[in-house]
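Peer 1: Would you mind keeping the following structure in view while I ask a few things?
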Amino acid sequence: TDAGIAWLLKGTADSRYTGLVIRRNHTDLRQWIDRARELYPNAKVSGKPAVFRFPNGAKIYTGHLKDADSYTQYQGHEYQRICLEEAGQIPSEELYLKLISSARSTISIKPQIYLSANPGNVGHGWLKKRFKIGDKKPNIAFRDPISKRYRIYCPATIDDNPTLMKNDPGYVNYLESLPEPLRSAWRYGDWDIFAGQYFKEWDPAYHIKTEEECKKLGFGREGNNTFIGIDWGWAAPYSVLMCQVTPNGRVFVFKELYGKETHPMEVGEKIAKMCQGINVTQSLADPSMWIRNAMSFRKPE
């Protein structure tokens, strides 16, 4: 939070500068405003939502995204810097994109956006995807091929906050005591956890293995059985997993197929190609994929 407050302050040297700080709910900004008052001693604060006005004319506005159409409050405006506190509370990327359409500049300050977020909230999925968390190396900027804007993900944990660790060592113990997956999310900033996931114990660091590691654990040995699991979907993705099971019950998922809006016959051809040269013991499918729509075959009354 302090970093975001300081980051917004950097632009105030220009009298034409306008900044904006956003929280999901306006009431959540109270502590941010109190802290900003301390760090902006020369600014006058007025209005609801609060506006910080600096002696040279530069301004920093506060606001919220409580409702789906809240972004319209800022539509058509120009903000050289936008700071989103707890961006993980924003439920959709669409709402975020509508807001940042106001990040633009007709002055010498380059438009920028700053987000703070914890993994595990409602915005977990789109944030992880947008900032390629886990796909790209952290702390290295990458360029969006369409917008040409750069993005960067900078991870941090409580270990990067020596002041808090010194003044409140009990807070670390509190984070350590949290149940999984909350502990991994808040203590270690782990974005590989998924809110609401079925298998809470999933850990890519443990469960994803190299081919050599799989062979040492029994993959490819005589006596293993190979199964295919199929979950059909049209608008929702279909999923096909090929698994090898050892006699002691260890399961290796070594081939997978995903897609949507594909004709069943084409999916079948893809599965057949996937199985070439492999002795498949059994294929298992979601029973609902065999159900026909009764309304289509009902005789007229």
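Quick note on naming: the chains in the structure tokens go A, B, ... in the order shown, residues restart at 1 in each chain, and ligands are numbered from 1 in order of appearance.
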Select from stretch 195-272 of chain A everything DSSP, run on the backbone, classes as strand (DSSP E), then give the selection as a list in words.

Peer 2: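 Output for stretch 195-272 of chain A, strand (DSSP E) only: Asn225, Thr226, Phe227, Ile228, Gly229, Ile230, Asp231, Tyr238, Ser239, Val240, Leu241, Met242, Cys243, Gln244, Val245, Val251, Phe252, Val253, Phe254, Lys255, Glu256, Leu257, Tyr258 and Gly259 of chain A.
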
Peer 1: Save the residues we just selected, N, CA and C atoms, as an mmCIF file, in the first residue's frame?

Peer 2:
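So the final result, stored in selection.cif, reads:
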```cif
data_model
loop_
_atom_site.group_PDB
_atom_site.id
_atom_site.type_symbol
_atom_site.label_atom_id
_atom_site.label_comp_id
_atom_site.auth_asym_id
_atom_site.auth_seq_id
_atom_site.Cartn_x
_atom_site.Cartn_y
_atom_site.Cartn_z
ATOM 1 N N ASN A 225 -1.371 -50.637 -16.491
ATOM 2 C CA ASN A 225 -2.548 -50.536 -17.354
ATOM 3 C C ASN A 225 -2.740 -49.084 -17.799
ATOM 4 N N THR A 226 -3.228 -48.918 -19.024
ATOM 5 C CA THR A 226 -3.464 -47.581 -19.567
ATOM 6 C C THR A 226 -4.957 -47.349 -19.748
ATOM 7 N N PHE A 227 -5.439 -46.257 -19.216
ATOM 8 C CA PHE A 227 -6.859 -45.910 -19.276
ATOM 9 C C PHE A 227 -7.030 -44.554 -19.952
ATOM 10 N N ILE A 228 -8.221 -44.338 -20.516
ATOM 11 C CA ILE A 228 -8.592 -43.023 -21.040
ATOM 12 C C ILE A 228 -9.853 -42.569 -20.315
ATOM 13 N N GLY A 229 -9.840 -41.334 -19.846
ATOM 14 C CA GLY A 229 -11.021 -40.726 -19.234
ATOM 15 C C GLY A 229 -11.528 -39.607 -20.127
ATOM 16 N N ILE A 230 -12.842 -39.592 -20.402
ATOM 17 C CA ILE A 230 -13.424 -38.615 -21.325
ATOM 18 C C ILE A 230 -14.555 -37.864 -20.636
ATOM 19 N N ASP A 231 -14.496 -36.540 -20.715
ATOM 20 C CA ASP A 231 -15.590 -35.691 -20.238
ATOM 21 C C ASP A 231 -16.015 -34.811 -21.410
ATOM 22 N N TYR A 238 -14.305 -29.906 -23.775
ATOM 23 C CA TYR A 238 -14.229 -31.352 -23.552
ATOM 24 C C TYR A 238 -12.816 -31.654 -23.071
ATOM 25 N N SER A 239 -12.687 -32.767 -22.368
ATOM 26 C CA SER A 239 -11.393 -33.142 -21.804
ATOM 27 C C SER A 239 -11.163 -34.635 -21.990
ATOM 28 N N VAL A 240 -9.990 -34.995 -22.455
ATOM 29 C CA VAL A 240 -9.598 -36.390 -22.600
ATOM 30 C C VAL A 240 -8.233 -36.560 -21.937
ATOM 31 N N LEU A 241 -8.161 -37.450 -20.964
ATOM 32 C CA LEU A 241 -6.906 -37.712 -20.266
ATOM 33 C C LEU A 241 -6.491 -39.166 -20.472
ATOM 34 N N MET A 242 -5.227 -39.380 -20.781
ATOM 35 C CA MET A 242 -4.682 -40.728 -20.901
ATOM 36 C C MET A 242 -3.784 -40.969 -19.692
ATOM 37 N N CYS A 243 -4.105 -42.012 -18.950
ATOM 38 C CA CYS A 243 -3.411 -42.288 -17.693
ATOM 39 C C CYS A 243 -2.810 -43.693 -17.702
ATOM 40 N N GLN A 244 -1.679 -43.824 -17.058
ATOM 41 C CA GLN A 244 -1.082 -45.136 -16.843
ATOM 42 C C GLN A 244 -1.062 -45.407 -15.347
ATOM 43 N N VAL A 245 -1.529 -46.598 -14.955
ATOM 44 C CA VAL A 245 -1.664 -46.938 -13.542
ATOM 45 C C VAL A 245 -0.759 -48.117 -13.220
ATOM 46 N N VAL A 251 -0.781 -43.211 -10.310
ATOM 47 C CA VAL A 251 -1.377 -42.810 -11.586
ATOM 48 C C VAL A 251 -0.514 -41.726 -12.250
ATOM 49 N N PHE A 252 -0.191 -41.944 -13.521
ATOM 50 C CA PHE A 252 0.531 -40.951 -14.315
ATOM 51 C C PHE A 252 -0.383 -40.466 -15.436
ATOM 52 N N VAL A 253 -0.649 -39.184 -15.494
ATOM 53 C CA VAL A 253 -1.376 -38.594 -16.624
ATOM 54 C C VAL A 253 -0.313 -38.127 -17.617
ATOM 55 N N PHE A 254 -0.249 -38.771 -18.789
ATOM 56 C CA PHE A 254 0.868 -38.479 -19.694
ATOM 57 C C PHE A 254 0.438 -37.941 -21.055
ATOM 58 N N LYS A 255 -0.868 -37.950 -21.337
ATOM 59 C CA LYS A 255 -1.362 -37.303 -22.549
ATOM 60 C C LYS A 255 -2.700 -36.661 -22.231
ATOM 61 N N GLU A 256 -2.984 -35.518 -22.884
ATOM 62 C CA GLU A 256 -4.256 -34.850 -22.636
ATOM 63 C C GLU A 256 -4.724 -34.133 -23.887
ATOM 64 N N LEU A 257 -6.027 -33.967 -23.946
ATOM 65 C CA LEU A 257 -6.656 -33.351 -25.115
ATOM 66 C C LEU A 257 -7.788 -32.466 -24.622
ATOM 67 N N TYR A 258 -7.811 -31.197 -25.070
ATOM 68 C CA TYR A 258 -8.855 -30.263 -24.666
ATOM 69 C C TYR A 258 -9.370 -29.517 -25.892
ATOM 70 N N GLY A 259 -10.594 -29.027 -25.801
ATOM 71 C CA GLY A 259 -11.150 -28.230 -26.882
ATOM 72 C C GLY A 259 -12.609 -27.922 -26.623
#
```

Peer 1: Give me the residues near A:Ser108 as a PyMOL selection string, where near means some atom within 12 Å (using only C-alpha atoms) and where sequence neighbours in that chain fewer than 2 positions away do not count.

Peer 2: chain A and resi 11+13-17+80+104-106+110-111

Peer 1: Using only C-alpha atoms, pick whichever of A:Ala50, A:Leu29, A:Ile158, A:Cys83 has the shortest atom-to-atom distance to A:Ala3.

Peer 2: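 Going through A:Ala50, A:Leu29, A:Ile158, A:Cys83 one by one, the smallest distance to A:Ala3 is for A:Cys83.
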
Peer 1: Which of these, A:Glu86, A:Glu176, A:Glu94, A:Asp2, has the shortest distance to A:Tyr71 once you count only C-alpha atoms?

Peer 2: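 Nearest to A:Tyr71: A:Glu94.
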
Peer 1: Need to verify the contact set: A:Ile90, 9 Å, only C-alpha atoms, exclusion of same-chain residues closer than 3 positions in sequence. Can you return it as a VMD selection string?

Peer 2: chain A and resid 23 to 24 65 to 66 86 to 87 93 95 to 96 121 to 123

Peer 1: Between atom CA of A:Gly19 and atom CA of A:Ser102, what is the spacing in Å?

Peer 2: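 Taking atom CA of A:Ser102 and atom CA of A:Gly19, their separation equals 10.6 Å.
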
Peer 1: To one decimal in Å, tell me the separation between atom CA of A:Asp144 and atom CA of A:Leu97.

Peer 2: 13.7 Å

Peer 1: Figure out the distance between atom CA of A:Ile33 and atom CA of A:Val45, please, to one decimal in Å.

Peer 2: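 Between atom CA of A:Val45 and atom CA of A:Ile33 the gap is 9.1 Å.
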
Peer 1: Looking only at the backbone, which of the residues in stretch 200-269 of chain A does DSSP tag as alpha helix (DSSP H), as an MDAnalysis selection string?

Peer 2: chainID A and resid 204:207 211:216 264:269

Peer 1: My list of candidates is A:Lys44, A:Trp126, A:Ala6, A:Ile146. Which is closest to A:Arg81 when distances are computed with only C-alpha atoms?

Peer 2: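 Smallest separation from A:Arg81 among the options: A:Ala6.
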
Peer 1: Neighbouring residues of A:Pro49 were defined as those with any atom within 9 Å, considering only C-alpha atoms; residues of the same chain fewer than 4 positions away were excluded. Please report them as a PyMOL selection string.

Peer 2: chain A and resi 26+61-64

Peer 1: Measuring atom to atom with only C-alpha atoms, identify which of A:Gly277, A:Pro162, A:Gly88, A:Gly249 is nearest to A:Ser116.

Peer 2: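 With only C-alpha atoms as the atom set, the closest residue is A:Gly88.
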
Peer 1: In terms of the shortest atom-to-atom distance over only C-alpha atoms, which of A:Arg143, A:Lys216, A:Arg149, A:Arg250 is closest to A:Ala103?

Peer 2: A:Arg149
